[in-house]
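Coordinates as given in run_23.cif (mmCIF, C-alpha atoms):
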```
data_input
loop_
_atom_site.label_atom_id
_atom_site.label_comp_id
_atom_site.auth_asym_id
_atom_site.auth_seq_id
_atom_site.Cartn_x
_atom_site.Cartn_y
_atom_site.Cartn_z
CA MET A 252 21.27 62.22 -97.93
CA LYS A 253 17.79 60.89 -98.69
CA ALA A 254 16.63 57.46 -99.72
CA ASP A 255 13.72 56.99 -102.13
CA PHE A 256 11.69 56.05 -99.06
CA ASP A 257 12.03 59.02 -96.73
CA PRO A 258 10.17 58.60 -93.41
CA VAL A 259 10.45 62.31 -92.56
CA THR A 260 8.82 63.46 -95.80
CA LEU A 261 6.07 60.88 -95.37
CA ALA A 262 5.48 61.99 -91.78
CA THR A 263 5.28 65.73 -92.54
CA PRO A 264 1.45 65.79 -92.86
CA PHE A 265 1.29 63.93 -89.53
CA PHE A 266 3.55 66.57 -87.97
CA ILE A 267 1.21 69.36 -89.09
CA LEU A 268 -2.02 67.62 -88.11
CA SER A 269 -0.72 66.52 -84.72
CA ILE A 270 0.40 70.06 -83.83
CA ILE A 271 -3.06 71.35 -84.74
CA LEU A 272 -4.58 68.55 -82.64
CA GLU A 273 -2.37 69.34 -79.65
CA ILE A 274 -3.26 73.04 -79.84
CA VAL A 275 -6.99 72.43 -80.23
CA LEU A 276 -7.09 69.88 -77.40
CA ALA A 277 -5.21 72.31 -75.16
CA ARG A 278 -7.62 75.10 -76.16
CA LEU A 279 -10.52 72.86 -75.16
CA GLY A 280 -8.81 71.98 -71.89
CA LYS A 281 -8.47 68.33 -72.88
CA ALA A 282 -4.66 68.24 -73.02
CA ASP A 283 -1.76 69.83 -71.20
CA ALA A 284 0.08 71.98 -73.74
CA ARG A 285 1.32 75.56 -73.86
CA TYR A 286 2.00 77.45 -77.07
CA GLU A 287 3.36 80.99 -77.35
CA PRO A 288 3.03 82.30 -80.93
CA LYS A 289 6.52 83.81 -81.29
CA ASP A 290 8.11 80.75 -79.74
CA THR A 291 6.11 78.53 -82.09
CA ALA A 292 7.18 80.64 -85.08
CA VAL A 293 10.85 80.26 -84.16
CA SER A 294 10.52 76.50 -83.64
CA LEU A 295 8.76 75.94 -86.96
CA GLY A 296 11.05 78.40 -88.77
CA MET A 297 14.10 76.53 -87.52
CA GLY A 298 12.55 73.31 -88.78
CA LEU A 299 11.64 74.81 -92.13
CA PHE A 300 15.13 76.06 -92.90
CA SER A 301 17.08 73.21 -91.30
CA GLY A 302 16.41 71.15 -94.41
CA VAL A 303 17.68 73.96 -96.62
CA ALA A 304 20.81 74.34 -94.48
CA GLY A 305 21.35 70.59 -94.65
CA LEU A 306 21.53 70.78 -98.43
CA LEU A 307 24.71 72.88 -98.16
CA THR A 308 26.67 69.97 -96.76
CA ALA A 309 24.61 67.11 -98.22
CA GLY A 310 27.09 66.56 -101.05
CA VAL A 311 30.03 66.11 -98.67
CA VAL A 312 28.01 63.81 -96.41
CA PHE A 313 26.90 61.72 -99.37
CA ALA A 314 30.40 61.48 -100.84
CA CYS A 315 31.94 60.46 -97.51
CA THR A 316 29.24 57.87 -96.86
CA LEU A 317 29.65 56.43 -100.34
CA TRP A 318 33.42 56.29 -99.91
CA ALA A 319 33.06 54.45 -96.60
CA TYR A 320 30.58 52.01 -98.18
CA GLU A 321 32.90 51.36 -101.13
CA HIS A 322 35.56 50.32 -98.59
CA ARG A 323 33.13 48.21 -96.56
CA LEU A 324 34.17 45.23 -94.49
CA PHE A 325 31.10 43.10 -95.17
CA ASN A 326 28.29 42.83 -97.69
CA ILE A 327 25.09 43.32 -95.75
CA PRO A 328 21.92 42.62 -97.76
CA MET A 329 19.23 45.27 -97.53
CA THR A 330 16.52 42.61 -97.75
CA ALA A 331 17.60 40.62 -94.67
CA ILE A 332 15.53 41.09 -91.52
CA TRP A 333 18.60 40.69 -89.34
CA ALA A 334 20.19 43.62 -91.17
CA TRP A 335 17.28 45.89 -90.21
CA VAL A 336 17.40 44.70 -86.60
CA ALA A 337 21.16 45.30 -86.51
CA VAL A 338 20.96 48.76 -88.09
CA PHE A 339 18.14 49.69 -85.70
CA LEU A 340 20.32 48.88 -82.69
CA LEU A 341 23.58 50.27 -84.07
CA GLU A 342 22.02 53.46 -85.41
CA ASP A 343 20.32 54.08 -82.08
CA LEU A 344 23.61 53.49 -80.23
CA THR A 345 25.31 55.92 -82.62
CA TYR A 346 22.55 58.45 -81.96
CA TYR A 347 23.08 58.14 -78.20
CA TRP A 348 26.77 59.05 -78.51
CA PHE A 349 26.08 61.78 -81.09
CA HIS A 350 23.55 63.27 -78.72
CA ARG A 351 25.81 62.94 -75.70
CA ILE A 352 28.76 64.65 -77.38
CA SER A 353 26.36 67.32 -78.64
CA HIS A 354 25.63 68.20 -75.02
CA GLU A 355 28.97 67.63 -73.35
CA ARG A 356 31.37 69.43 -75.75
CA ARG A 357 30.81 73.04 -76.70
CA PHE A 358 31.73 72.75 -80.39
CA TRP A 359 28.89 70.32 -80.99
CA TRP A 360 26.63 71.97 -78.42
CA ALA A 361 26.87 75.10 -80.58
CA ALA A 362 25.01 73.20 -83.30
CA HIS A 363 22.52 71.52 -80.98
CA VAL A 364 21.72 74.28 -78.47
CA ASN A 365 18.95 75.79 -80.61
CA HIS A 366 16.87 72.62 -80.16
CA HIS A 367 16.85 73.34 -76.42
CA SER A 368 16.38 77.10 -76.62
CA SER A 369 12.60 77.11 -76.19
CA GLN A 370 11.07 77.56 -72.75
CA HIS A 371 8.21 75.44 -74.05
CA TYR A 372 7.91 71.73 -74.56
CA ASN A 373 5.36 70.89 -77.20
CA LEU A 374 5.26 69.18 -80.57
CA SER A 375 6.55 72.31 -82.32
CA THR A 376 9.68 72.13 -80.16
CA ALA A 377 10.54 68.84 -81.86
CA LEU A 378 10.86 70.69 -85.15
CA ARG A 379 13.29 73.30 -83.72
CA GLN A 380 16.15 71.65 -85.60
CA THR A 381 19.74 72.75 -86.17
CA TRP A 382 20.98 74.73 -89.16
CA THR A 383 24.62 73.96 -88.47
CA GLY A 384 24.71 70.23 -87.84
CA GLY A 385 26.42 69.61 -91.19
CA VAL A 386 29.17 72.08 -90.36
CA ALA A 387 29.65 70.54 -86.91
CA GLY A 388 30.44 67.25 -88.64
CA THR A 389 28.59 64.93 -86.30
CA TRP A 390 27.31 63.06 -89.35
CA ALA A 391 30.76 61.43 -89.42
CA LEU A 392 29.69 59.31 -86.44
CA TRP A 393 27.41 57.35 -88.78
CA LEU A 394 30.20 56.55 -91.29
CA PRO A 395 31.30 53.39 -89.44
CA LEU A 396 27.89 51.86 -90.25
CA ALA A 397 28.58 52.30 -93.96
CA PHE A 398 32.13 51.04 -93.43
CA LEU A 399 30.71 47.94 -91.75
CA GLY A 400 28.68 47.29 -94.89
CA PHE A 401 25.20 48.68 -94.24
CA PRO A 402 23.94 50.20 -97.51
CA PRO A 403 23.67 54.03 -97.27
CA ALA A 404 19.95 53.81 -98.04
CA ILE A 405 19.26 51.57 -95.03
CA ILE A 406 21.20 53.97 -92.78
CA ALA A 407 19.30 56.99 -94.14
CA ILE A 408 15.94 55.27 -93.66
CA GLN A 409 16.78 54.24 -90.08
CA LYS A 410 17.93 57.80 -89.28
CA GLY A 411 14.60 59.04 -90.64
CA ILE A 412 12.65 56.52 -88.56
CA SER A 413 14.55 57.67 -85.46
CA LEU A 414 13.78 61.32 -86.19
CA VAL A 415 10.08 60.59 -86.70
CA TYR A 416 9.98 58.50 -83.50
CA GLN A 417 11.50 61.34 -81.52
CA TYR A 418 8.87 63.78 -82.77
CA TRP A 419 5.94 62.46 -80.74
CA ILE A 420 7.82 62.41 -77.43
CA HIS A 421 8.03 66.24 -77.40
CA THR A 422 4.80 66.72 -75.52
CA GLU A 423 3.41 67.34 -72.06
CA ALA A 424 0.05 65.97 -73.13
CA ILE A 425 1.17 62.38 -72.53
CA LYS A 426 2.20 61.81 -68.92
CA LYS A 427 3.32 58.19 -68.66
CA THR A 428 3.15 55.21 -70.97
CA PRO A 429 2.85 51.60 -69.71
CA ARG A 430 5.67 50.54 -67.37
CA TRP A 431 7.19 48.07 -69.81
CA PHE A 432 7.32 50.77 -72.48
CA GLU A 433 8.90 53.32 -70.12
CA ALA A 434 11.51 50.72 -69.21
CA VAL A 435 12.67 50.10 -72.76
CA PHE A 436 11.79 53.07 -74.93
CA ASN A 437 12.37 56.79 -74.88
CA THR A 438 9.07 58.38 -73.89
CA PRO A 439 7.58 61.86 -73.37
CA SER A 440 8.41 61.58 -69.66
CA HIS A 441 12.06 60.63 -70.26
CA HIS A 442 12.52 63.31 -72.88
CA ARG A 443 10.90 66.03 -70.76
CA VAL A 444 13.74 65.38 -68.34
CA HIS A 445 16.22 65.80 -71.18
CA HIS A 446 14.78 69.22 -72.09
CA ALA A 447 14.59 70.48 -68.51
CA ARG A 448 17.04 72.97 -67.02
CA ASN A 449 16.60 71.84 -63.41
CA ALA A 450 20.03 70.91 -62.01
CA VAL A 451 19.07 67.29 -61.37
CA TYR A 452 17.94 66.86 -64.97
CA LEU A 453 20.93 68.44 -66.76
CA ASP A 454 22.81 66.20 -69.21
CA ARG A 455 20.52 63.23 -68.78
CA ASN A 456 18.46 60.96 -71.07
CA TYR A 457 20.31 61.23 -74.38
CA ALA A 458 18.42 58.33 -75.94
CA GLY A 459 16.92 58.36 -79.40
CA ILE A 460 14.49 55.42 -79.44
CA LEU A 461 15.78 53.05 -76.73
CA ILE A 462 16.21 54.48 -73.22
CA VAL A 463 18.27 51.41 -72.34
CA TRP A 464 21.45 53.16 -73.56
CA ASP A 465 21.10 55.77 -70.82
CA LYS A 466 20.59 53.05 -68.24
CA LEU A 467 23.62 51.20 -69.60
CA PHE A 468 25.93 54.22 -69.65
CA GLY A 469 24.73 55.84 -66.40
CA THR A 470 22.94 58.89 -67.78
CA PHE A 471 19.35 57.90 -67.02
CA GLN A 472 17.19 60.12 -64.83
CA PRO A 473 13.48 59.48 -64.29
CA GLU A 474 11.05 62.39 -64.15
CA LEU A 475 10.37 63.23 -60.50
CA ASP A 476 6.98 64.35 -59.20
CA ALA A 477 8.75 66.59 -56.69
CA GLU A 478 10.78 68.32 -59.40
CA PRO A 479 8.53 69.67 -62.19
CA CYS A 480 10.45 70.28 -65.39
CA ARG A 481 11.48 73.86 -66.23
CA TYR A 482 12.32 73.92 -69.90
CA GLY A 483 14.99 75.78 -71.82
CA LEU A 484 18.63 76.63 -71.32
CA VAL A 485 20.58 77.21 -68.12
CA LYS A 486 20.76 80.82 -69.35
CA ASN A 487 17.57 81.27 -71.33
CA MET A 488 17.55 83.36 -74.46
CA ALA A 489 16.02 86.83 -74.21
CA THR A 490 15.14 87.14 -77.88
CA PHE A 491 13.02 85.50 -80.57
CA ASN A 492 15.45 86.56 -83.32
CA ILE A 493 15.80 83.33 -85.30
CA LEU A 494 19.34 84.17 -86.47
CA ARG A 495 20.46 84.63 -82.87
CA VAL A 496 18.76 81.34 -81.96
CA ALA A 497 20.60 79.55 -84.77
CA PHE A 498 24.06 81.05 -84.33
CA HIS A 499 24.43 82.52 -80.83
CA GLU A 500 26.61 79.77 -79.39
CA TRP A 501 28.93 79.78 -82.41
CA ILE A 502 29.34 83.54 -82.07
CA GLY A 503 29.84 83.32 -78.32
CA MET A 504 32.45 80.60 -78.77
CA ALA A 505 34.31 82.60 -81.43
CA ALA A 506 34.27 85.67 -79.18
CA ASP A 507 35.73 83.65 -76.30
CA VAL A 508 38.50 82.29 -78.53
CA VAL A 509 39.39 85.79 -79.78
CA ARG A 510 39.42 87.16 -76.21
CA HIS A 511 41.40 84.26 -74.75
CA PRO A 512 43.40 82.60 -77.57
CA ARG A 513 45.65 80.74 -75.11
CA HIS A 514 42.58 78.90 -73.84
CA ALA A 515 41.03 78.31 -77.26
CA LEU A 516 40.94 74.52 -76.96
CA GLY A 517 39.07 74.73 -73.66
CA TYR A 518 36.53 77.16 -75.06
CA ILE A 519 35.97 75.02 -78.17
CA PHE A 520 36.15 71.47 -76.87
CA GLY A 521 35.48 71.94 -73.16
CA PRO A 522 32.01 71.38 -71.77
CA PRO A 523 29.46 74.16 -72.30
CA GLY A 524 29.92 76.72 -69.54
CA TRP A 525 33.65 76.06 -69.19
CA SER A 526 35.84 79.11 -68.62
CA HIS A 527 39.56 79.42 -67.98
CA ASP A 528 39.02 81.44 -64.81
CA GLY A 529 36.06 79.48 -63.43
CA SER A 530 33.76 82.48 -63.78
CA ARG A 531 31.06 80.42 -65.49
CA GLU A 532 29.37 77.17 -64.62
CA THR A 533 29.28 73.84 -66.43
CA SER A 534 26.45 71.36 -65.91
CA ALA A 535 28.69 69.39 -63.55
CA MET A 536 29.35 72.51 -61.47
CA ILE A 537 25.63 73.33 -61.31
CA LYS A 538 24.84 69.78 -60.25
CA ALA A 539 27.57 69.88 -57.61
CA ARG A 540 26.25 73.16 -56.23
CA SER A 541 22.70 71.83 -56.24
CA ASN A 542 23.45 68.41 -54.79
CA PRO A 543 27.06 67.99 -53.63
CA VAL A 544 26.57 64.43 -52.39
CA GLU A 545 25.20 63.13 -55.65
CA ALA A 546 27.78 65.01 -57.71
CA ALA A 547 30.56 63.37 -55.69
CA GLY A 548 29.16 60.02 -56.79
CA THR A 549 28.75 58.68 -53.29
CA THR A 550 25.09 57.77 -53.53
CA ARG A 551 24.26 57.98 -57.17
CA SER A 552 22.78 55.00 -58.91
CA PRO A 553 22.28 54.72 -62.66
CA ALA A 554 18.59 55.23 -62.00
CA GLY A 555 19.21 58.61 -60.41
CA PRO A 556 19.08 59.91 -56.87
CA GLN A 557 15.58 58.70 -56.06
CA GLY A 558 15.65 55.40 -57.81
CA SER A 559 13.86 54.29 -60.91
CA ARG A 560 10.17 54.86 -61.24
CA ALA A 561 10.11 53.52 -64.74
CA MET B 21 17.59 72.78 -106.55
CA ASP B 22 14.68 72.29 -108.89
CA GLU B 23 11.27 73.93 -109.08
CA ALA B 24 9.70 71.21 -106.96
CA PHE B 25 12.04 72.10 -104.11
CA PHE B 26 10.91 75.72 -104.09
CA VAL B 27 7.24 74.70 -104.37
CA GLN B 28 7.70 72.39 -101.39
CA LEU B 29 9.49 75.15 -99.45
CA ALA B 30 6.72 77.64 -100.21
CA LEU B 31 4.01 75.19 -99.16
CA SER B 32 5.90 74.41 -95.96
CA GLY B 33 6.21 78.14 -95.28
CA GLY B 34 2.44 78.47 -95.73
CA ALA B 35 1.87 75.60 -93.31
CA VAL B 36 4.12 77.28 -90.75
CA ALA B 37 2.13 80.52 -91.06
CA VAL B 38 -1.14 78.65 -90.54
CA LEU B 39 0.18 76.79 -87.48
CA VAL B 40 1.47 80.01 -85.89
CA ALA B 41 -1.90 81.65 -86.55
CA ILE B 42 -3.69 78.73 -84.88
CA ALA B 43 -1.32 78.95 -81.89
CA ALA B 44 -2.10 82.68 -81.60
CA TRP B 45 -5.84 82.06 -81.89
CA ALA B 46 -5.79 79.40 -79.18
CA ARG B 47 -4.33 81.74 -76.52
CA ILE B 48 -2.74 78.90 -74.58
CA ALA B 49 0.48 80.57 -73.51
CA LYS B 50 1.69 80.09 -69.94
CA PRO B 51 -0.43 82.13 -67.50
CA ALA B 52 2.63 83.92 -66.13
CA GLY B 53 1.06 87.30 -65.37
CA PRO B 54 3.01 90.47 -64.60
CA LEU B 55 5.84 90.38 -62.09
CA ASP B 56 5.44 91.76 -58.61
CA GLU B 57 8.27 91.95 -56.08
CA HIS B 58 7.46 88.56 -54.60
CA LYS B 59 7.52 86.83 -58.01
CA ALA B 60 10.65 88.70 -59.03
CA ARG B 61 12.47 87.62 -55.89
CA GLY B 62 11.38 84.03 -56.54
CA ILE B 63 12.79 84.08 -60.06
CA LEU B 64 16.02 85.70 -58.90
CA GLU B 65 16.42 83.10 -56.15
CA TYR B 66 16.04 80.32 -58.73
CA GLU B 67 18.33 81.92 -61.30
CA PHE B 68 20.98 83.16 -58.85
CA PRO B 69 20.71 80.87 -55.82
CA GLY B 70 22.21 82.11 -52.60
CA ARG B 71 22.67 85.69 -53.77
CA THR B 72 21.75 88.49 -51.38
CA LEU B 73 19.63 91.27 -52.81
CA ASP B 74 20.49 94.78 -51.60
CA ALA B 75 17.60 96.38 -53.47
CA ILE B 76 15.11 95.48 -56.17
CA TRP B 77 13.18 97.49 -58.76
CA VAL B 78 10.24 95.87 -60.54
CA ALA B 79 9.11 97.30 -63.87
CA SER B 80 5.81 99.16 -63.57
CA ASN B 81 4.28 96.96 -66.29
CA GLY B 82 5.57 93.81 -64.59
CA ALA B 83 7.68 92.86 -67.60
CA GLY B 84 10.98 92.68 -65.79
CA ALA B 85 13.02 93.59 -62.75
CA LEU B 86 16.48 94.66 -61.74
CA ALA B 87 18.21 93.95 -58.45
CA LYS B 88 21.47 95.06 -56.89
CA SER B 89 23.53 92.24 -55.44
CA GLY B 90 26.88 93.52 -54.21
CA GLY B 91 28.78 94.78 -57.22
CA MET B 92 26.46 93.13 -59.70
CA ALA B 93 23.06 93.91 -61.17
CA LEU B 94 20.71 90.96 -61.64
CA VAL B 95 18.30 91.57 -64.48
CA ILE B 96 15.09 89.73 -65.39
CA CYS B 97 13.32 90.45 -68.66
CA GLN B 98 10.14 89.03 -70.11
CA VAL B 99 10.48 86.83 -73.20
CA GLY B 100 7.08 85.90 -74.54
CA ASP B 101 5.33 84.15 -71.66
CA GLY B 102 8.61 83.38 -69.89
CA PHE B 103 11.56 85.21 -68.43
CA ALA B 104 15.30 85.31 -68.97
CA ALA B 105 17.88 86.45 -66.45
CA ARG B 106 21.40 87.82 -66.70
CA GLN B 107 23.88 89.55 -64.45
CA ILE B 108 26.02 92.52 -65.36
CA PRO B 109 28.32 94.82 -63.38
CA TRP B 110 26.35 97.28 -61.28
CA ALA B 111 28.22 100.20 -62.85
CA GLN B 112 26.94 99.07 -66.26
CA ALA B 113 23.36 99.07 -64.99
CA ILE B 114 23.78 102.51 -63.44
CA SER B 115 25.02 103.97 -66.72
CA ALA B 116 22.22 102.39 -68.80
CA SER B 117 20.20 104.82 -70.90
CA PHE B 118 16.93 106.04 -69.39
CA LYS B 119 14.44 107.89 -71.58
CA ASN B 120 10.70 108.43 -71.32
CA GLY B 121 10.37 106.10 -68.37
CA LYS B 122 12.20 103.25 -70.12
CA LEU B 123 15.48 101.86 -68.88
CA CYS B 124 17.38 100.11 -71.69
CA VAL B 125 20.01 97.81 -70.22
CA ASP B 126 22.71 96.41 -72.50
CA LEU B 127 23.17 92.81 -71.32
CA THR B 128 26.28 92.28 -73.53
CA ASP B 129 25.18 88.78 -74.46
CA ILE B 130 24.49 87.62 -78.01
CA SER B 131 21.59 85.51 -76.73
CA ALA B 132 20.21 88.31 -74.55
CA PRO B 133 21.07 91.61 -76.20
CA ARG B 134 19.14 94.00 -73.98
CA ALA B 135 16.41 94.37 -71.40
CA THR B 136 13.91 97.23 -71.41
CA LEU B 137 12.30 98.06 -68.09
CA SER B 138 9.58 100.62 -67.37
CA LEU B 139 10.69 102.50 -64.26
CA PRO B 140 9.61 105.83 -62.74
CA SER B 141 13.22 107.05 -62.47
CA TRP B 142 16.83 105.92 -62.90
CA PRO B 143 19.45 105.74 -61.53
CA PRO B 144 18.47 105.44 -57.86
CA THR B 145 20.11 108.34 -56.11
CA ASN B 146 21.06 106.48 -52.93
CA LEU B 147 22.71 103.53 -54.75
CA ALA B 148 24.24 105.22 -57.77
CA ALA B 149 27.83 104.79 -56.62
#
```
Reformat the file's structure so that it appears as C-alpha cells.
Amino acid sequence: MKADFDPVTLATPFFILSIILEIVLARLGKADARYEPKDTAVSLGMGLFSGVAGLLTAGVVFACTLWAYEHRLFNIPMTAIWAWVAVFLLEDLTYYWFHRISHERRFWWAAHVNHHSSQHYNLSTALRQTWTGGVAGTWALWLPLAFLGFPPAIIAIQKGISLVYQYWIHTEAIKKTPRWFEAVFNTPSHHRVHHARNAVYLDRNYAGILIVWDKLFGTFQPELDAEPCRYGLVKNMATFNILRVAFHEWIGMAADVVRHPRHALGYIFGPPGWSHDGSRETSAMIKARSNPVEAAGTTRSPAGPQGSRA
Amino acid sequence: MDEAFFVQLALSGGAVAVLVAIAAWARIAKPAGPLDEHKARGILEYEFPGRTLDAIWVASNGAGALAKSGGMALVICQVGDGFAARQIPWAQAISASFKNGKLCVDLTDISAPRATLSLPSWPPTNLAA
C-alpha cells in the first residue's frame, strides 16, 4: 500500500548514491566497509524484487486496512501534529513486536531470515528485503492502527519513514553517534549487534527507530569492544543462489513438517532451531551453552551482561 | 501493472548492475586468504565449540576443509570471502564422489547444497570405516 507521498521512492536515489559513496570511501581507505560482488548482487536483487513480490499481496493488505479503518474507533485528523507524534510512537512499537516475532517464531523467521543471510554488513545489506513478508501476514500487526482511526495514508507514510531511517544504520563506517543519540535511537552500533551471530548478540536489538523499546522490554544489548560482530546466520548459507536465499527456510520448514507431522506445530511456530528431539539448537540454547549464568537470568540486566555503554 | 512500472523496474535493474560492477571494481572484499590447518581449526572451533577433531584435511587451494569428529564429518566451504560450515555423518563424507582431485560433498541442506574440496586423494584409507 503506497501513499501519494512515498518516502521509500523519494529516498531511492539517496540509497544508490550512498552505496557508491560507501564503496568509494572504503576503496580509498577512508571508511570501514567490505563489499563482495556476489553478496552485493544478492542483496540488491532481493531488494529489487521485494517490491514486485509485495504487489502480489498488496490488494489484500489494502482491503484489510481499509476495512479496519472503516470500522475505526476514533476520527484522527491527518493534519494534527499530535496524530503524527502518536503514529510515530505506535508504529515504532508495532515494528518492535513485528521484528521480535520475526526472529523468535520460525514461521515469521522464514520470511525475515533472508535479511540476515549476508556475512557482510554494509548499506547494500539494508536492501536485502523479504519476498514473502506478505504471505507471512505480519502486515496484520499494523491493522490496529487503522482500527484506532489513523488514516491508512499516515500509517503507510510512517512505515516508509521507518524503512528509510533503518537504511543508514546498516554500516560499519559509522562507529558511534553522540551518547544522547545512542541512548534514544537505533544506531549503526545497535543494529550491528542485531545482525551479529555471536551468541551474546543473538535475538537482541529489535528496534526500528527508537532503541528505547529494547531497553523497556529487556532485549537491549550494547556492542562490546571485546566481542567484534560476526555477521550472518547461526548456520551461514553456502550459496549465492537468490532463490535459495529467498525460500530456504520455508522449504526447510515444510520438509520438517512432512518428516515429523506429529510435531508440525513445533516446527512451524517454535523458535528457529527448535527440534522435537533436541538435535538442533535455538538461540536460547546457544546462549545457554555460551554463557550459562547469563542464560539462567541470575546476573542479566536489561543493559546486557557488561552494562550499558550507550 | 502499467508501462511505468516496467520502466522503473528496468531502470532499477540497471542501477543494480552498475552498483555490483562498482563493488567488483573496488576490490574491498574481506581479506580472508586461503585456509591453512591453523585457520581451519579456528573456524571449526568457533562453529562447533568443544568438538574433538580426530583428523583434518584442508583443501589444496585453501577453499575449504573437512574434519572427522567421532561419527561426524565437519565441513567448511568457502562462500565468497567468507565460509560456511555444516556437519554430516562420517559415512556420508566417506561415500562422497571424488573425481579429478575434487571431492563433492552433499551437505543435504537447502541453504548449503554441497561443498567442493580439492584434495589429493579420497577417502583416507586409515579412516574409511
* Run the PyMOL selection byres ((chain A) within 8 of (chain B)) against the file shown and list the residues it catches, as an MDAnalysis selection string. => chainID A and resid 267 270:271 274:275 277:278 284:292 295:296 299 370 486:491 495:496 499 502:503
* Leaving out His445 of chain A and any residue of its chain fewer than 3 positions from it, which residues lie within 6 Å of it when counting only C-alpha atoms, given as a PyMOL selection string? -> chain A and resi 442+455-456
* Give the answer as one residue: which of A:Met297, A:Ala314, A:Ile519, A:Ile332 has the shortest atom-to-atom distance to Ala506 of chain A, using only C-alpha atoms? =>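 Among the listed residues, A:Ile519 lies closest to Ala506 of chain A.
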* Asked: Skipping near chain neighbours, those fewer than 6 positions away, what residues fall within 12 Å of Phe266 of chain A using all atoms listed in the file, listed as a PyMOL selection string?
  -> (chain A and resi 258-260+272-273+295+298+373-378+414-419+421) or (chain B and resi 32+35-36+39)
If you apply the PyMOL selection byres ((chain A and resi 463-470) around 8) to this file, what residues do you get, as a short mmCIF file (atom, residue, chain, number, x, y, z; two decimals) with C-alpha atoms, in the frame of the given file?
```
data_model
loop_
_atom_site.label_atom_id
_atom_site.label_comp_id
_atom_site.auth_asym_id
_atom_site.auth_seq_id
_atom_site.Cartn_x
_atom_site.Cartn_y
_atom_site.Cartn_z
CA LEU A 344 23.61 53.49 -80.23
CA TYR A 347 23.08 58.14 -78.20
CA ALA A 434 11.51 50.72 -69.21
CA VAL A 435 12.67 50.10 -72.76
CA PHE A 436 11.79 53.07 -74.93
CA ASP A 454 22.81 66.20 -69.21
CA ARG A 455 20.52 63.23 -68.78
CA ASN A 456 18.46 60.96 -71.07
CA TYR A 457 20.31 61.23 -74.38
CA ALA A 458 18.42 58.33 -75.94
CA LEU A 461 15.78 53.05 -76.73
CA ILE A 462 16.21 54.48 -73.22
CA PHE A 471 19.35 57.90 -67.02
CA GLN A 472 17.19 60.12 -64.83
CA SER A 552 22.78 55.00 -58.91
CA PRO A 553 22.28 54.72 -62.66
CA ALA A 554 18.59 55.23 -62.00
#
```
* To do: May I have the protein, DNA and RNA residues with any atom at most 12 Å from the point (19.1, 104.3, -69.6), counting all atoms listed in the file, written as a ChimeraX atom specification?
  => /B:112-126,134-144
Give as a PDB file with C-alpha atoms, in the coordinates of the input the residues that the PyMOL selection byres ((chain A and resi 358-367) around 7) matches when applied to the coordinates above.
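After the write, result_33.pdb holds the following:
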```
ATOM      1  CA  ILE A 352      28.760  64.650 -77.380  1.00  0.00           C
ATOM      2  CA  SER A 353      26.360  67.320 -78.640  1.00  0.00           C
ATOM      3  CA  HIS A 354      25.630  68.200 -75.020  1.00  0.00           C
ATOM      4  CA  ARG A 356      31.370  69.430 -75.750  1.00  0.00           C
ATOM      5  CA  ARG A 357      30.810  73.040 -76.700  1.00  0.00           C
ATOM      6  CA  SER A 368      16.380  77.100 -76.620  1.00  0.00           C
ATOM      7  CA  SER A 369      12.600  77.110 -76.190  1.00  0.00           C
ATOM      8  CA  ARG A 379      13.290  73.300 -83.720  1.00  0.00           C
ATOM      9  CA  GLN A 380      16.150  71.650 -85.600  1.00  0.00           C
ATOM     10  CA  THR A 381      19.740  72.750 -86.170  1.00  0.00           C
ATOM     11  CA  THR A 383      24.620  73.960 -88.470  1.00  0.00           C
ATOM     12  CA  GLY A 384      24.710  70.230 -87.840  1.00  0.00           C
ATOM     13  CA  ALA A 387      29.650  70.540 -86.910  1.00  0.00           C
ATOM     14  CA  HIS A 446      14.780  69.220 -72.090  1.00  0.00           C
ATOM     15  CA  GLY A 483      14.990  75.780 -71.820  1.00  0.00           C
ATOM     16  CA  LEU A 484      18.630  76.630 -71.320  1.00  0.00           C
ATOM     17  CA  VAL A 496      18.760  81.340 -81.960  1.00  0.00           C
ATOM     18  CA  ALA A 497      20.600  79.550 -84.770  1.00  0.00           C
ATOM     19  CA  GLU A 500      26.610  79.770 -79.390  1.00  0.00           C
ATOM     20  CA  TRP A 501      28.930  79.780 -82.410  1.00  0.00           C
ATOM     21  CA  ILE A 519      35.970  75.020 -78.170  1.00  0.00           C
ATOM     22  CA  PHE A 520      36.150  71.470 -76.870  1.00  0.00           C
TER      23      PHE A 520
END
```
* Asked: So how many Å separate atom CA of Val78 of chain B and atom CA of Asn146 of chain B, to one decimal?
  ->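 These two atoms are separated by 17.0 Å.
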* Identify, on the basis of all atoms listed in the file, every residue whose closest approach to Ser526 of chain A does not exceed 12 Å; exclude the query and any residue fewer than 2 positions from it along the same chain; express the result as an NGL selection string. => :A and (357 or 504 or 507-508 or 510-511 or 513-524 or 528-533 or 536)
* atom CA of Trp525 of chain A and atom CA of Ala391 of chain A, how far apart in Å? -> 25.1 Å
